[in-house]
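This is upload-v4.cif. It holds mmCIF, C-alpha atoms and all ligand atoms.
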data_work
#
loop_
_atom_site.label_atom_id
_atom_site.label_comp_id
_atom_site.auth_asym_id
_atom_site.auth_seq_id
_atom_site.Cartn_x
_atom_site.Cartn_y
_atom_site.Cartn_z
CA MET A 1081 191.48 23.20 75.40
CA LYS A 1082 187.75 23.93 75.33
CA THR A 1083 185.21 21.54 73.82
CA ALA A 1084 182.50 22.53 71.34
CA TYR A 1085 179.72 20.01 70.74
CA THR A 1086 177.19 19.85 67.95
CA CYS A 1087 174.57 17.21 67.17
CA PHE A 1088 173.94 16.18 63.57
CA CYS A 1089 170.91 14.32 62.27
CA THR A 1090 171.68 14.69 58.59
CA ASP A 1091 172.43 12.17 55.83
CA VAL A 1092 174.23 14.77 53.66
CA ILE A 1093 176.80 17.33 54.73
CA HIS A 1094 176.22 20.72 53.14
CA GLU A 1095 177.52 24.27 53.58
CA GLY A 1096 175.26 24.84 56.62
CA HIS A 1097 176.90 21.98 58.51
CA MET A 1098 180.35 23.19 57.46
CA LYS A 1099 179.54 26.61 58.96
CA VAL A 1100 178.58 24.93 62.24
CA ILE A 1101 181.85 22.97 62.20
CA ALA A 1102 183.89 26.13 61.45
CA GLN A 1103 182.18 27.96 64.32
CA ALA A 1104 182.78 25.03 66.67
CA ALA A 1105 186.43 24.77 65.59
CA SER A 1106 186.96 28.46 66.41
CA LEU A 1107 185.79 27.70 69.97
CA GLY A 1108 187.74 24.51 70.72
CA ARG A 1109 187.95 20.79 70.11
CA VAL A 1110 185.06 19.73 67.86
CA VAL A 1111 182.89 16.82 69.01
CA VAL A 1112 180.00 15.85 66.71
CA GLY A 1113 177.06 13.80 67.99
CA CYS A 1114 175.29 11.40 65.70
CA LEU A 1115 171.60 11.30 66.65
CA SER A 1116 170.42 7.69 66.88
CA ASP A 1117 167.83 6.33 64.44
CA ARG A 1118 165.46 5.79 67.34
CA ALA A 1119 165.52 9.51 68.26
CA LEU A 1120 165.76 10.69 64.67
CA ILE A 1121 162.45 9.18 63.56
CA ARG A 1122 160.61 11.21 66.20
CA TYR A 1123 162.66 14.39 65.66
CA ASN A 1124 163.09 14.61 61.91
CA LYS A 1125 162.75 12.47 58.78
CA PHE A 1126 163.52 8.78 58.51
CA PRO A 1127 167.24 8.42 57.68
CA THR A 1128 168.23 7.38 54.15
CA ILE A 1129 171.53 5.91 55.39
CA SER A 1130 172.28 3.80 58.46
CA GLN A 1131 173.49 5.04 61.82
CA GLN A 1132 176.85 3.40 61.06
CA GLU A 1133 177.10 5.22 57.72
CA ARG A 1134 176.26 8.53 59.37
CA LEU A 1135 179.00 7.97 61.96
CA SER A 1136 181.54 7.36 59.18
CA LEU A 1137 180.27 10.35 57.22
CA TYR A 1138 180.70 12.70 60.20
CA ARG A 1139 184.15 11.24 60.97
CA SER A 1140 185.26 12.12 57.44
CA ILE A 1141 184.49 15.83 57.86
CA LYS A 1142 187.60 17.99 57.99
CA GLY A 1143 187.82 19.79 61.32
CA VAL A 1144 185.93 17.17 63.34
CA ASP A 1145 188.03 15.79 66.23
CA GLU A 1146 185.64 13.17 67.59
CA VAL A 1147 182.27 11.64 66.75
CA ILE A 1148 180.02 10.08 69.39
CA MET A 1149 176.51 8.62 69.42
CA GLN A 1150 173.70 10.72 70.85
CA GLU A 1151 170.83 8.43 71.85
CA ASP A 1152 168.59 11.02 73.44
CA MET A 1153 166.85 13.79 71.51
CA LEU A 1154 167.09 15.92 74.68
CA TYR A 1155 170.91 15.63 74.94
CA ASP A 1156 170.52 14.10 78.44
CA ASP A 1157 172.96 11.30 77.69
CA VAL A 1158 175.64 13.54 76.18
CA ILE A 1159 175.87 16.91 77.91
CA PRO A 1160 176.25 15.74 81.57
CA ALA A 1161 178.87 13.17 80.53
CA LEU A 1162 180.86 15.29 78.06
CA ARG A 1163 180.35 18.67 79.78
CA PRO A 1164 181.16 20.63 76.60
CA ASP A 1165 182.04 24.30 77.06
CA TYR A 1166 179.87 25.11 74.05
CA VAL A 1167 176.98 23.59 72.16
CA VAL A 1168 176.76 25.01 68.65
CA HIS A 1169 173.46 24.86 66.75
CA GLY A 1170 171.68 26.64 63.88
CA ASP A 1171 169.11 29.19 65.06
CA ASN A 1172 166.24 27.21 63.50
CA TRP A 1173 165.31 25.83 66.93
CA THR A 1174 164.41 29.14 68.52
CA GLU A 1175 160.76 28.71 67.44
CA GLY A 1176 158.31 25.86 66.93
CA PRO A 1177 158.25 22.47 68.69
CA ALA A 1178 162.08 22.20 68.76
CA ALA A 1179 162.30 25.32 70.98
CA ALA A 1180 161.60 23.04 73.97
CA ILE A 1181 164.75 21.06 73.18
CA ARG A 1182 166.79 24.24 72.93
CA ALA A 1183 165.46 25.39 76.32
CA HIS A 1184 166.39 22.02 77.85
CA VAL A 1185 169.91 22.19 76.41
CA GLU A 1186 170.30 25.67 77.92
CA GLU A 1187 169.25 24.28 81.33
CA LEU A 1188 171.76 21.42 81.07
CA LEU A 1189 174.55 23.83 80.13
CA ALA A 1190 173.64 26.32 82.89
CA LYS A 1191 174.27 23.61 85.54
CA TYR A 1192 178.03 23.87 85.03
CA GLY A 1193 178.51 27.14 83.13
CA GLY A 1194 178.54 25.88 79.54
CA SER A 1195 177.04 28.07 76.84
CA LEU A 1196 174.88 27.72 73.79
CA VAL A 1197 176.02 29.30 70.54
CA ASN A 1198 173.24 29.73 68.00
CA ILE A 1199 174.45 30.61 64.52
CA PRO A 1200 172.28 31.74 61.58
CA TYR A 1201 170.64 28.70 59.99
CA THR A 1202 171.64 28.22 56.36
CA TYR A 1203 168.72 27.72 54.01
CA ASN A 1204 169.34 28.59 50.38
CA VAL A 1205 168.71 27.13 46.93
CA ASN A 1206 171.47 24.51 47.33
CA VAL A 1207 170.30 23.34 50.73
CA HIS A 1208 166.69 23.25 49.50
CA LYS A 1209 167.80 21.10 46.57
CA ILE A 1210 169.57 18.63 48.87
CA ASP A 1211 166.49 18.53 51.10
CA MET A 1212 164.29 17.77 48.09
CA GLN A 1213 166.65 15.04 46.86
CA LEU A 1214 166.49 13.33 50.25
CA ARG A 1215 162.70 13.56 50.27
CA ARG A 1216 162.50 12.10 46.78
CA LYS A 1217 164.71 9.23 47.85
CA LEU A 1218 162.51 8.54 50.88
CA ALA A 1219 159.44 8.56 48.65
CA MET A 1220 160.81 6.07 46.10
CA PRO A 1221 159.02 2.68 46.19
CA GLU A 1222 162.15 0.68 47.04
CA TYR A 1223 162.95 2.91 50.03
CA ARG A 1224 159.40 3.50 51.20
CA ARG A 1225 158.20 -0.11 50.97
CA LYS A 1226 160.71 -1.55 53.45
CA ARG A 1227 160.30 1.23 55.99
CA LEU A 1228 157.47 -0.40 57.93
CA ARG A 1229 159.64 -3.43 58.69
CA GLN A 1230 162.49 -1.08 59.67
CA LEU A 1231 160.20 0.88 61.98
CA ILE A 1232 158.95 -2.24 63.74
CA GLY A 1233 162.51 -2.92 64.88
CA LEU A 1234 163.20 0.69 65.83
CA THR A 1235 160.35 1.94 67.96
CA PRO A 1236 158.31 0.34 70.78
CA ILE A 1237 155.10 0.93 68.81
CA VAL A 1238 154.68 2.14 65.22
CA LYS A 1239 152.12 4.96 65.05
CA ILE A 1240 149.95 4.99 61.94
CA MET A 1241 147.35 7.62 61.07
CA GLU A 1242 144.52 7.52 58.56
CA ALA A 1243 144.96 9.34 55.23
CA HIS A 1244 142.55 9.33 52.28
CA SER A 1245 143.80 12.18 50.07
CA GLY A 1246 146.87 14.23 49.28
CA LEU A 1247 145.87 16.78 51.90
CA THR A 1248 145.31 14.30 54.73
CA GLY A 1249 148.57 12.62 53.67
CA LEU A 1250 150.33 15.95 54.16
CA ILE A 1251 148.84 16.29 57.63
CA VAL A 1252 150.21 12.88 58.62
CA GLU A 1253 153.53 13.68 56.96
CA ARG A 1254 154.09 17.06 58.57
CA THR A 1255 152.40 17.16 61.95
CA VAL A 1256 155.06 17.39 64.64
CA VAL A 1257 154.27 18.15 68.28
CA GLU A 1258 156.25 18.76 71.42
CA ARG A 1259 155.27 16.65 74.44
CA GLY A 1260 157.25 16.67 77.66
CA GLY A 1261 160.08 18.45 75.86
CA ARG A 1262 160.39 15.78 73.16
CA LEU A 1263 159.14 15.92 69.59
CA ASP A 1264 156.74 13.35 68.23
CA GLN A 1265 155.17 12.51 64.88
CA PHE A 1266 153.36 9.71 63.08
CA ASP A 1267 155.37 6.95 61.41
CA GLY A 1268 153.09 6.21 58.51
CA MET A 1269 149.64 6.20 56.92
CA TRP A 1270 146.61 3.91 56.81
CA LEU A 1271 144.53 3.96 53.68
CA SER A 1272 141.25 3.05 55.35
CA SER A 1273 138.52 1.52 53.22
CA LEU A 1274 135.98 3.32 55.41
CA CYS A 1275 137.54 6.75 54.87
CA ASP A 1276 138.38 6.22 51.19
CA SER A 1277 134.74 5.21 50.62
CA THR A 1278 133.29 7.97 52.81
CA ALA A 1279 135.33 10.63 50.99
CA ARG A 1280 133.51 9.51 47.83
CA GLY A 1281 130.11 9.43 49.55
CA LYS A 1282 130.00 5.63 49.21
CA PRO A 1283 129.39 2.88 51.79
CA ASP A 1284 132.30 0.77 53.05
CA ILE A 1285 131.25 -2.45 51.25
CA GLU A 1286 134.10 -2.99 48.76
CA LEU A 1287 132.11 -0.86 46.33
CA VAL A 1288 134.92 1.58 45.55
CA ASP A 1289 136.88 -0.45 43.01
CA LEU A 1290 140.57 -1.21 43.34
CA THR A 1291 141.59 1.04 40.46
CA SER A 1292 140.06 4.01 42.32
CA ARG A 1293 141.70 2.92 45.57
CA PHE A 1294 145.08 2.74 43.80
CA ARG A 1295 144.45 6.25 42.50
CA THR A 1296 144.11 7.42 46.12
CA ILE A 1297 147.40 5.70 46.96
CA ASP A 1298 149.03 7.55 44.07
CA GLU A 1299 147.67 10.91 45.22
CA ILE A 1300 148.97 10.36 48.74
CA MET A 1301 152.34 9.01 47.65
CA GLU A 1302 152.94 11.87 45.28
CA VAL A 1303 153.13 14.37 48.16
CA THR A 1304 154.44 12.28 51.08
CA THR A 1305 157.42 10.12 52.04
CA LYS A 1306 156.07 8.07 54.97
CA PRO A 1307 155.18 4.38 54.56
CA LEU A 1308 151.63 3.32 53.78
CA ILE A 1309 149.49 0.39 54.95
CA PHE A 1310 146.64 -0.45 52.61
CA ASP A 1311 143.27 -1.61 53.94
CA GLY A 1312 142.62 -4.44 51.48
CA ASP A 1313 139.15 -5.33 52.86
CA THR A 1314 138.67 -9.09 52.26
CA GLY A 1315 141.35 -9.16 49.57
CA GLY A 1316 138.63 -10.29 47.13
CA LEU A 1317 138.99 -13.54 45.26
CA THR A 1318 142.34 -15.28 45.81
CA GLU A 1319 142.83 -15.22 42.03
CA HIS A 1320 142.50 -11.42 42.16
CA PHE A 1321 144.39 -10.89 45.43
CA VAL A 1322 147.67 -12.14 43.95
CA TYR A 1323 147.52 -9.34 41.39
CA THR A 1324 146.67 -6.78 44.07
CA VAL A 1325 149.76 -7.81 46.03
CA ARG A 1326 152.01 -7.25 43.00
CA THR A 1327 150.47 -3.86 42.24
CA LEU A 1328 150.76 -2.64 45.82
CA GLU A 1329 154.36 -3.82 46.01
CA ARG A 1330 155.28 -2.06 42.80
CA MET A 1331 153.72 1.17 44.05
CA GLY A 1332 155.84 1.08 47.20
CA VAL A 1333 153.06 0.22 49.67
CA SER A 1334 154.53 -1.46 52.76
CA ALA A 1335 151.70 -3.75 53.80
CA VAL A 1336 148.18 -4.88 53.02
CA ILE A 1337 145.78 -5.93 55.74
CA ILE A 1338 143.07 -8.36 54.68
CA GLU A 1339 140.18 -9.40 56.92
CA ASP A 1340 138.74 -12.89 57.26
CA LYS A 1341 135.27 -12.14 55.96
CA CYS A 1342 133.48 -13.32 52.84
CA GLY A 1343 130.39 -12.37 50.89
CA LEU A 1344 129.17 -8.80 51.28
CA LYS A 1345 131.69 -7.09 53.55
CA ARG A 1346 130.25 -4.53 55.96
CA ASN A 1347 132.26 -2.24 58.22
CA SER A 1348 133.44 -4.07 61.36
CA LEU A 1349 132.09 -1.40 63.67
CA PHE A 1350 128.56 -2.62 62.77
CA GLY A 1351 129.58 -5.90 64.43
CA THR A 1352 126.63 -8.30 64.63
CA ASP A 1353 124.06 -5.52 64.02
CA VAL A 1354 124.21 -6.48 60.34
CA SER A 1355 124.69 -9.83 58.65
CA GLN A 1356 128.40 -10.55 58.02
CA THR A 1357 130.07 -13.88 57.36
CA GLN A 1358 133.50 -14.89 58.60
CA ALA A 1359 135.66 -16.72 56.07
CA ASP A 1360 136.46 -20.38 56.46
CA ILE A 1361 139.91 -20.79 58.08
CA GLU A 1362 141.22 -23.02 55.26
CA ASP A 1363 140.01 -20.65 52.52
CA PHE A 1364 141.58 -17.66 54.22
CA THR A 1365 144.91 -19.39 54.87
CA ARG A 1366 144.99 -20.32 51.16
CA LYS A 1367 144.50 -16.66 50.27
CA ILE A 1368 147.36 -15.59 52.57
CA ALA A 1369 149.68 -18.30 51.20
CA ALA A 1370 148.84 -17.39 47.59
CA GLY A 1371 149.56 -13.72 48.33
CA LYS A 1372 152.92 -14.61 49.89
CA ARG A 1373 153.85 -16.72 46.86
CA ALA A 1374 152.94 -13.86 44.52
CA GLN A 1375 155.11 -11.35 46.36
CA LEU A 1376 158.31 -10.31 44.58
CA THR A 1377 160.20 -8.51 47.36
CA ASP A 1378 161.03 -9.48 50.94
CA ASP A 1379 159.90 -6.08 52.17
CA PHE A 1380 156.17 -6.25 51.60
CA MET A 1381 153.93 -7.51 54.42
CA ILE A 1382 150.62 -9.34 54.27
CA ILE A 1383 148.83 -8.87 57.57
CA ALA A 1384 145.85 -11.06 58.44
CA ARG A 1385 142.97 -9.42 60.26
CA ILE A 1386 140.82 -11.51 62.56
CA GLU A 1387 137.14 -10.69 62.92
CA SER A 1388 136.25 -13.32 65.54
CA LEU A 1389 135.79 -10.81 68.38
CA ILE A 1390 133.82 -8.44 66.12
CA LEU A 1391 131.49 -11.28 65.11
CA GLU A 1392 131.34 -12.68 68.68
CA LYS A 1393 132.92 -16.01 67.80
CA GLY A 1394 135.07 -15.99 70.92
CA MET A 1395 138.67 -15.77 72.02
CA GLU A 1396 139.57 -19.40 71.26
CA ASP A 1397 138.43 -18.97 67.65
CA ALA A 1398 140.48 -15.76 67.37
CA LEU A 1399 143.62 -17.48 68.70
CA THR A 1400 143.15 -20.60 66.54
CA ARG A 1401 142.89 -18.36 63.50
CA ALA A 1402 145.91 -16.26 64.52
CA PHE A 1403 148.15 -19.32 64.68
CA ALA A 1404 146.71 -20.78 61.46
CA TYR A 1405 147.27 -17.49 59.62
CA THR A 1406 150.86 -17.07 60.82
CA ALA A 1407 151.56 -20.71 59.89
CA ALA A 1408 150.26 -19.88 56.39
CA GLY A 1409 152.84 -17.09 56.14
CA ALA A 1410 151.05 -13.98 57.41
CA ASP A 1411 153.63 -11.32 58.31
CA GLY A 1412 151.44 -9.85 61.03
CA ILE A 1413 148.13 -10.26 62.83
CA MET A 1414 145.54 -7.55 63.28
CA ILE A 1415 143.00 -8.20 66.01
CA HIS A 1416 139.88 -6.04 66.07
CA SER A 1417 137.18 -5.29 68.62
CA ARG A 1418 134.33 -2.82 68.85
CA ARG A 1419 134.07 -2.88 72.63
CA THR A 1420 134.92 0.32 74.46
CA ASP A 1421 136.76 -1.73 77.07
CA PRO A 1422 140.14 -2.97 75.80
CA THR A 1423 140.16 -6.10 78.00
CA GLU A 1424 139.45 -8.62 75.24
CA ILE A 1425 142.08 -7.07 72.97
CA LEU A 1426 144.71 -7.15 75.72
CA ASP A 1427 143.74 -10.70 76.63
CA PHE A 1428 144.22 -11.74 73.00
CA CYS A 1429 147.58 -9.97 72.78
CA ASP A 1430 148.85 -11.56 76.02
CA ARG A 1431 147.77 -15.05 74.96
CA PHE A 1432 149.18 -14.63 71.46
CA ARG A 1433 152.48 -13.27 72.80
CA ALA A 1434 152.78 -16.17 75.27
CA VAL A 1435 153.24 -18.40 72.20
CA ASP A 1436 154.57 -16.05 69.51
CA LYS A 1437 157.04 -13.38 70.60
CA LYS A 1438 157.86 -12.06 67.15
CA THR A 1439 154.98 -11.77 64.69
CA PRO A 1440 153.89 -8.10 64.64
CA LEU A 1441 150.50 -7.43 66.25
CA VAL A 1442 148.31 -4.62 64.96
CA VAL A 1443 145.36 -2.97 66.72
CA VAL A 1444 142.87 -0.27 65.76
CA PRO A 1445 141.66 1.45 68.95
CA SER A 1446 138.63 3.30 67.50
CA SER A 1447 136.17 2.03 70.13
CA PHE A 1448 138.60 1.20 72.96
CA ASN A 1449 140.15 4.63 72.59
CA SER A 1450 141.11 5.27 76.22
CA ILE A 1451 144.09 2.94 76.00
CA THR A 1452 147.47 4.59 75.45
CA GLU A 1453 150.24 3.60 73.06
CA GLU A 1454 152.47 2.76 76.05
CA GLU A 1455 149.87 0.33 77.46
CA LEU A 1456 149.40 -1.33 74.06
CA ALA A 1457 153.17 -1.69 73.63
CA ALA A 1458 153.41 -3.26 77.10
CA HIS A 1459 151.03 -5.99 75.86
CA GLY A 1460 153.14 -6.69 72.80
CA VAL A 1461 151.31 -4.56 70.23
CA SER A 1462 153.69 -3.52 67.44
CA ILE A 1463 151.52 -1.19 65.33
CA VAL A 1464 148.67 1.10 66.37
CA ILE A 1465 146.38 2.44 63.65
CA TYR A 1466 144.23 5.54 64.19
CA ALA A 1467 141.87 4.46 61.44
CA ASN A 1468 139.35 7.22 60.84
CA GLN A 1469 139.94 10.24 63.08
CA LEU A 1470 140.87 12.77 60.36
CA THR A 1471 137.67 12.02 58.43
CA ARG A 1472 135.60 12.26 61.59
CA ALA A 1473 137.27 15.57 62.48
CA ALA A 1474 136.69 17.13 59.06
CA PHE A 1475 133.04 16.11 58.62
CA PRO A 1476 131.52 18.04 61.56
CA ALA A 1477 133.73 21.07 60.81
CA MET A 1478 132.47 21.17 57.21
CA GLN A 1479 128.87 20.62 58.23
CA LYS A 1480 128.99 23.39 60.83
CA THR A 1481 130.43 25.81 58.28
CA ALA A 1482 127.74 24.96 55.70
CA GLU A 1483 125.02 25.47 58.34
CA SER A 1484 126.50 28.78 59.47
CA ILE A 1485 126.46 30.18 55.92
CA LEU A 1486 122.88 29.02 55.39
CA ILE A 1487 121.71 30.53 58.68
CA ASN A 1488 123.49 33.88 58.25
CA HIS A 1489 123.07 34.36 54.51
CA ARG A 1490 126.78 35.24 54.42
CA ALA A 1491 130.19 33.73 55.21
CA LYS A 1492 131.43 36.26 57.81
CA GLU A 1493 130.27 34.28 60.88
CA ALA A 1494 131.85 31.09 59.59
CA ASP A 1495 135.17 32.78 59.00
CA GLU A 1496 136.45 32.45 62.55
CA MET A 1497 136.25 28.65 62.24
CA LEU A 1498 138.28 28.69 59.04
CA MET A 1499 141.92 28.63 58.10
CA PRO A 1500 142.93 32.07 56.77
CA ILE A 1501 143.02 32.28 52.96
CA LYS A 1502 146.68 33.34 53.08
CA GLN A 1503 147.51 30.14 54.94
CA ILE A 1504 145.54 27.82 52.67
CA ILE A 1505 147.14 29.19 49.51
CA THR A 1506 150.61 28.62 50.94
CA LEU A 1507 149.82 25.29 52.61
CA VAL A 1508 151.00 23.25 49.70
CA ASP A 1509 154.61 23.67 48.56
CA GLU A 1510 155.27 24.65 44.99
CA VAL A 1511 158.20 22.79 43.48
C1 LIG A 1601 138.84 0.95 58.08
O1 LIG A 1601 139.36 1.96 58.55
O2 LIG A 1601 138.30 0.92 56.98
C2 LIG A 1601 138.87 -0.32 58.84
C3 LIG A 1601 138.94 -0.28 60.30
O3 LIG A 1601 138.78 -1.35 58.23
S1 LIG A 1601 137.29 -0.36 60.88
O4 LIG A 1601 136.55 0.73 60.28
O5 LIG A 1601 137.34 -0.27 62.33
O6 LIG A 1601 136.74 -1.65 60.47
MG MG A 1602 138.19 -1.14 56.26
#

The structure given in the file should be rewritten as structure tokens.
Amino acid sequence: MKTAYTCFCTDVIHEGHMKVIAQAASLGRVVVGCLSDRALIRYNKFPTISQQERLSLYRSIKGVDEVIMQEDMLYDDVIPALRPDYVVHGDNWTEGPAAAIRAHVEELLAKYGGSLVNIPYTYNVNVHKIDMQLRRKLAMPEYRRKRLRQLIGLTPIVKIMEAHSGLTGLIVERTVVERGGRLDQFDGMWLSSLCDSTARGKPDIELVDLTSRFRTIDEIMEVTTKPLIFDGDTGGLTEHFVYTVRTLERMGVSAVIIEDKCGLKRNSLFGTDVSQTQADIEDFTRKIAAGKRAQLTDDFMIIARIESLILEKGMEDALTRAFAYTAAGADGIMIHSRRTDPTEILDFCDRFRAVDKKTPLVVVPSSFNSITEEELAAHGVSIVIYANQLTRAAFPAMQKTAESILINHRAKEADEMLMPIKQIITLVDEV
């Protein structure tokens, strides 16, 4: 009896999957792989049901003889061990980033004479509807809010990218690349105070009021499903912060990061070039504790951001604050630096991790940008935030285009730098 293998990464079985099963059954014994959560979050969307539930779901399909786990997106753990005669897949992986996976599967099969069977991918009104329902579920506050905590347990380092509008949210949501044969994507979004302010032509001094910032959250959430971390600046007055926590929670935001500064807040990347005051440890711990008491769900996270290195108050001060803030209930610590050399950040992470193995550590490598995610993870960093790169990419592109039109008295020369009109009008899905 021949063996036909197919890998599923779906939470709902529809007619497309049934066609794959029927095709596999016509070739031999049907073995279905259940792609692990760990691989799934890089390959596709975050699952709406657990790995265990997916296994049971696939086992219940008529025509399936066996269900196994597939840990590796590249099939390296399954194909050499199972040596299926056939791998059956929809033909949606012949193009785009997933084509690299298909090519790798073909190589694995060629080693012993197995073959790949691509069948026409099913995408119709029904499948589209199921896809939309899953997206809607992922976007709902109660599902989205807890996802950051889920991700921290799932991946060596959670990758967060700046978003400040619906459009930038879509870029974070949809950008998928192939690297070394594997697919990769961001895990969530950072609503930077710097970028939210800059988009409005305002300085990053807590001038853009919270109602406007919540409006930006709404815009982003309306068109995305990935979790969001809110840059809460100083958190404002403790009496106000408790309300902010409730609002963010209700909206489905996963975490707020508040920084230990008081008075007029300036952007950290100014460092000591401008006058900035660090908050008193006791005052700031009271704010964290009040926020934690105000919280209504267990999912939401209040992350305390330490400005000691930014304000040149030293490593000991940073560590003292980190332990005081976690003792007050902070769900995570963000340590910031504006040095281009990551040494002080890594030193902090190592010393913090020597005492606290669990509390998530967050870093924002805007200045120390040569460090890789793998190196940060090796020093115990749990979340990396790329805090402003989309804004910084868009600004020079827009400025160059405006200059080109002014210089040439027409738009023709600028056109080669621009996205084609056909593409921009189809960029956003219509419901
Ligand atoms: C932001 O993105 O607004 C931040 C990070 O707070 S930084 O600009 O580096 O202070
Ligand atoms: Mg900020």

Which chain A residues have any atom within 9 Å of an atom of ligand LIG 1601 (chain A), and for each, what is the nearest pair of atoms with distance in Å to one decimal, counting all atoms listed in the file, rows sorted by chain and number, as JSON lines?
{"residue": "A:Glu1242", "atom": "CA", "partner": "A:LIG1601", "partner_atom": "O1", "distance": 7.6}
{"residue": "A:Trp1270", "atom": "CA", "partner": "A:LIG1601", "partner_atom": "O1", "distance": 7.7}
{"residue": "A:Leu1271", "atom": "CA", "partner": "A:LIG1601", "partner_atom": "O1", "distance": 7.4}
{"residue": "A:Ser1272", "atom": "CA", "partner": "A:LIG1601", "partner_atom": "O1", "distance": 3.9}
{"residue": "A:Ser1273", "atom": "CA", "partner": "A:LIG1601", "partner_atom": "O2", "distance": 3.8}
{"residue": "A:Leu1274", "atom": "CA", "partner": "A:LIG1601", "partner_atom": "O2", "distance": 3.7}
{"residue": "A:Cys1275", "atom": "CA", "partner": "A:LIG1601", "partner_atom": "O2", "distance": 6.2}
{"residue": "A:Asp1276", "atom": "CA", "partner": "A:LIG1601", "partner_atom": "O2", "distance": 7.8}
{"residue": "A:Ser1277", "atom": "CA", "partner": "A:LIG1601", "partner_atom": "O2", "distance": 8.5}
{"residue": "A:Asp1284", "atom": "CA", "partner": "A:LIG1601", "partner_atom": "O2", "distance": 7.2}
{"residue": "A:Asp1311", "atom": "CA", "partner": "A:LIG1601", "partner_atom": "O3", "distance": 6.2}
{"residue": "A:Gly1312", "atom": "CA", "partner": "A:LIG1601", "partner_atom": "O3", "distance": 8.4}
{"residue": "A:Asp1313", "atom": "CA", "partner": "A:LIG1601", "partner_atom": "O3", "distance": 6.7}
{"residue": "A:Ile1337", "atom": "CA", "partner": "A:LIG1601", "partner_atom": "O3", "distance": 8.7}
{"residue": "A:Ile1338", "atom": "CA", "partner": "A:LIG1601", "partner_atom": "O3", "distance": 9.0}
{"residue": "A:Glu1339", "atom": "CA", "partner": "A:LIG1601", "partner_atom": "O3", "distance": 8.3}
{"residue": "A:Arg1346", "atom": "CA", "partner": "A:LIG1601", "partner_atom": "O6", "distance": 8.4}
{"residue": "A:Asn1347", "atom": "CA", "partner": "A:LIG1601", "partner_atom": "O6", "distance": 5.0}
{"residue": "A:Ser1348", "atom": "CA", "partner": "A:LIG1601", "partner_atom": "O6", "distance": 4.2}
{"residue": "A:Leu1349", "atom": "CA", "partner": "A:LIG1601", "partner_atom": "O5", "distance": 5.5}
{"residue": "A:Phe1350", "atom": "CA", "partner": "A:LIG1601", "partner_atom": "O6", "distance": 8.6}
{"residue": "A:His1416", "atom": "CA", "partner": "A:LIG1601", "partner_atom": "O5", "distance": 7.3}
{"residue": "A:Ser1417", "atom": "CA", "partner": "A:LIG1601", "partner_atom": "O5", "distance": 8.0}
{"residue": "A:Arg1418", "atom": "CA", "partner": "A:LIG1601", "partner_atom": "O5", "distance": 7.6}
{"residue": "A:Val1444", "atom": "CA", "partner": "A:LIG1601", "partner_atom": "O5", "distance": 6.5}
{"residue": "A:Pro1445", "atom": "CA", "partner": "A:LIG1601", "partner_atom": "O5", "distance": 8.1}
{"residue": "A:Ser1446", "atom": "CA", "partner": "A:LIG1601", "partner_atom": "O5", "distance": 6.4}
{"residue": "A:Ser1447", "atom": "CA", "partner": "A:LIG1601", "partner_atom": "O5", "distance": 8.2}
{"residue": "A:Ile1465", "atom": "CA", "partner": "A:LIG1601", "partner_atom": "C3", "distance": 8.6}
{"residue": "A:Tyr1466", "atom": "CA", "partner": "A:LIG1601", "partner_atom": "O1", "distance": 8.3}
{"residue": "A:Ala1467", "atom": "CA", "partner": "A:LIG1601", "partner_atom": "O1", "distance": 4.6}
{"residue": "A:Asn1468", "atom": "CA", "partner": "A:LIG1601", "partner_atom": "O1", "distance": 5.7}

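Distance check against Arg1472 in chain A using all atoms listed in the file: of A:Leu1188, A:Thr1278, A:Gly1316, A:Leu1344, the minimum falls on A:Thr1278.
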
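Taking CA of Lys1306 in chain A and CA of Ile1463 in chain A as endpoints, the distance between them is 14.6 Å.
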
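Using all atoms listed in the file for every distance, the candidate list A:Arg1182, A:Arg1373, A:His1094, A:Arg1139 yields A:Arg1182 as the residue closest to Leu1263 in chain A.
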
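You will find CA of Thr1406 in chain A at 27.6 Å from CA of Ala1243 in chain A.
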
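Nearest to Asn1198 in chain A of all the residues A:Leu1107, A:Ala1180, A:Ile1129, A:Val1168 is A:Val1168, counting all atoms listed in the file.
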
Spatial neighbours of Thr1305 in chain A, 7 Å, all atoms listed in the file, chain gap at least 3 places, as a PyMOL selection string: chain A and resi 1215+1218-1219+1224+1301

Create the file for the chosen residues now, containing C-alpha atoms and written as a PDB file, keeping the file's coordinate frame.
ATOM      1  CA  ARG A1215     162.700  13.560  50.270  1.00  0.00           C
ATOM      2  CA  LEU A1218     162.510   8.540  50.880  1.00  0.00           C
ATOM      3  CA  ALA A1219     159.440   8.560  48.650  1.00  0.00           C
ATOM      4  CA  ARG A1224     159.400   3.500  51.200  1.00  0.00           C
ATOM      5  CA  MET A1301     152.340   9.010  47.650  1.00  0.00           C
TER       6      MET A1301
END

All residues 12 Å or closer to Val1325 in chain A, only C-alpha atoms, same chain fewer than 2 positions away omitted, as a ChimeraX atom specification: /A:1290,1294,1310-1312,1315-1316,1318-1323,1327-1338,1367-1377,1379-1383

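The space between CA of Arg1293 in chain A and CA of Leu1308 in chain A spans 12.9 Å.
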
From A:Arg1118, A:Lys1082, A:Lys1341, A:Lys1142, residue lying nearest ligand MG 1602 (chain A) [only C-alpha atoms and all ligand atoms]: A:Lys1341

Radius query 8 Å about (179.0, 22.5, 68.4), atoms used: all atoms listed in the file, as a ChimeraX atom specification: /A:1084-1087,1100-1101,1103-1104,1110-1112,1166-1169,1197
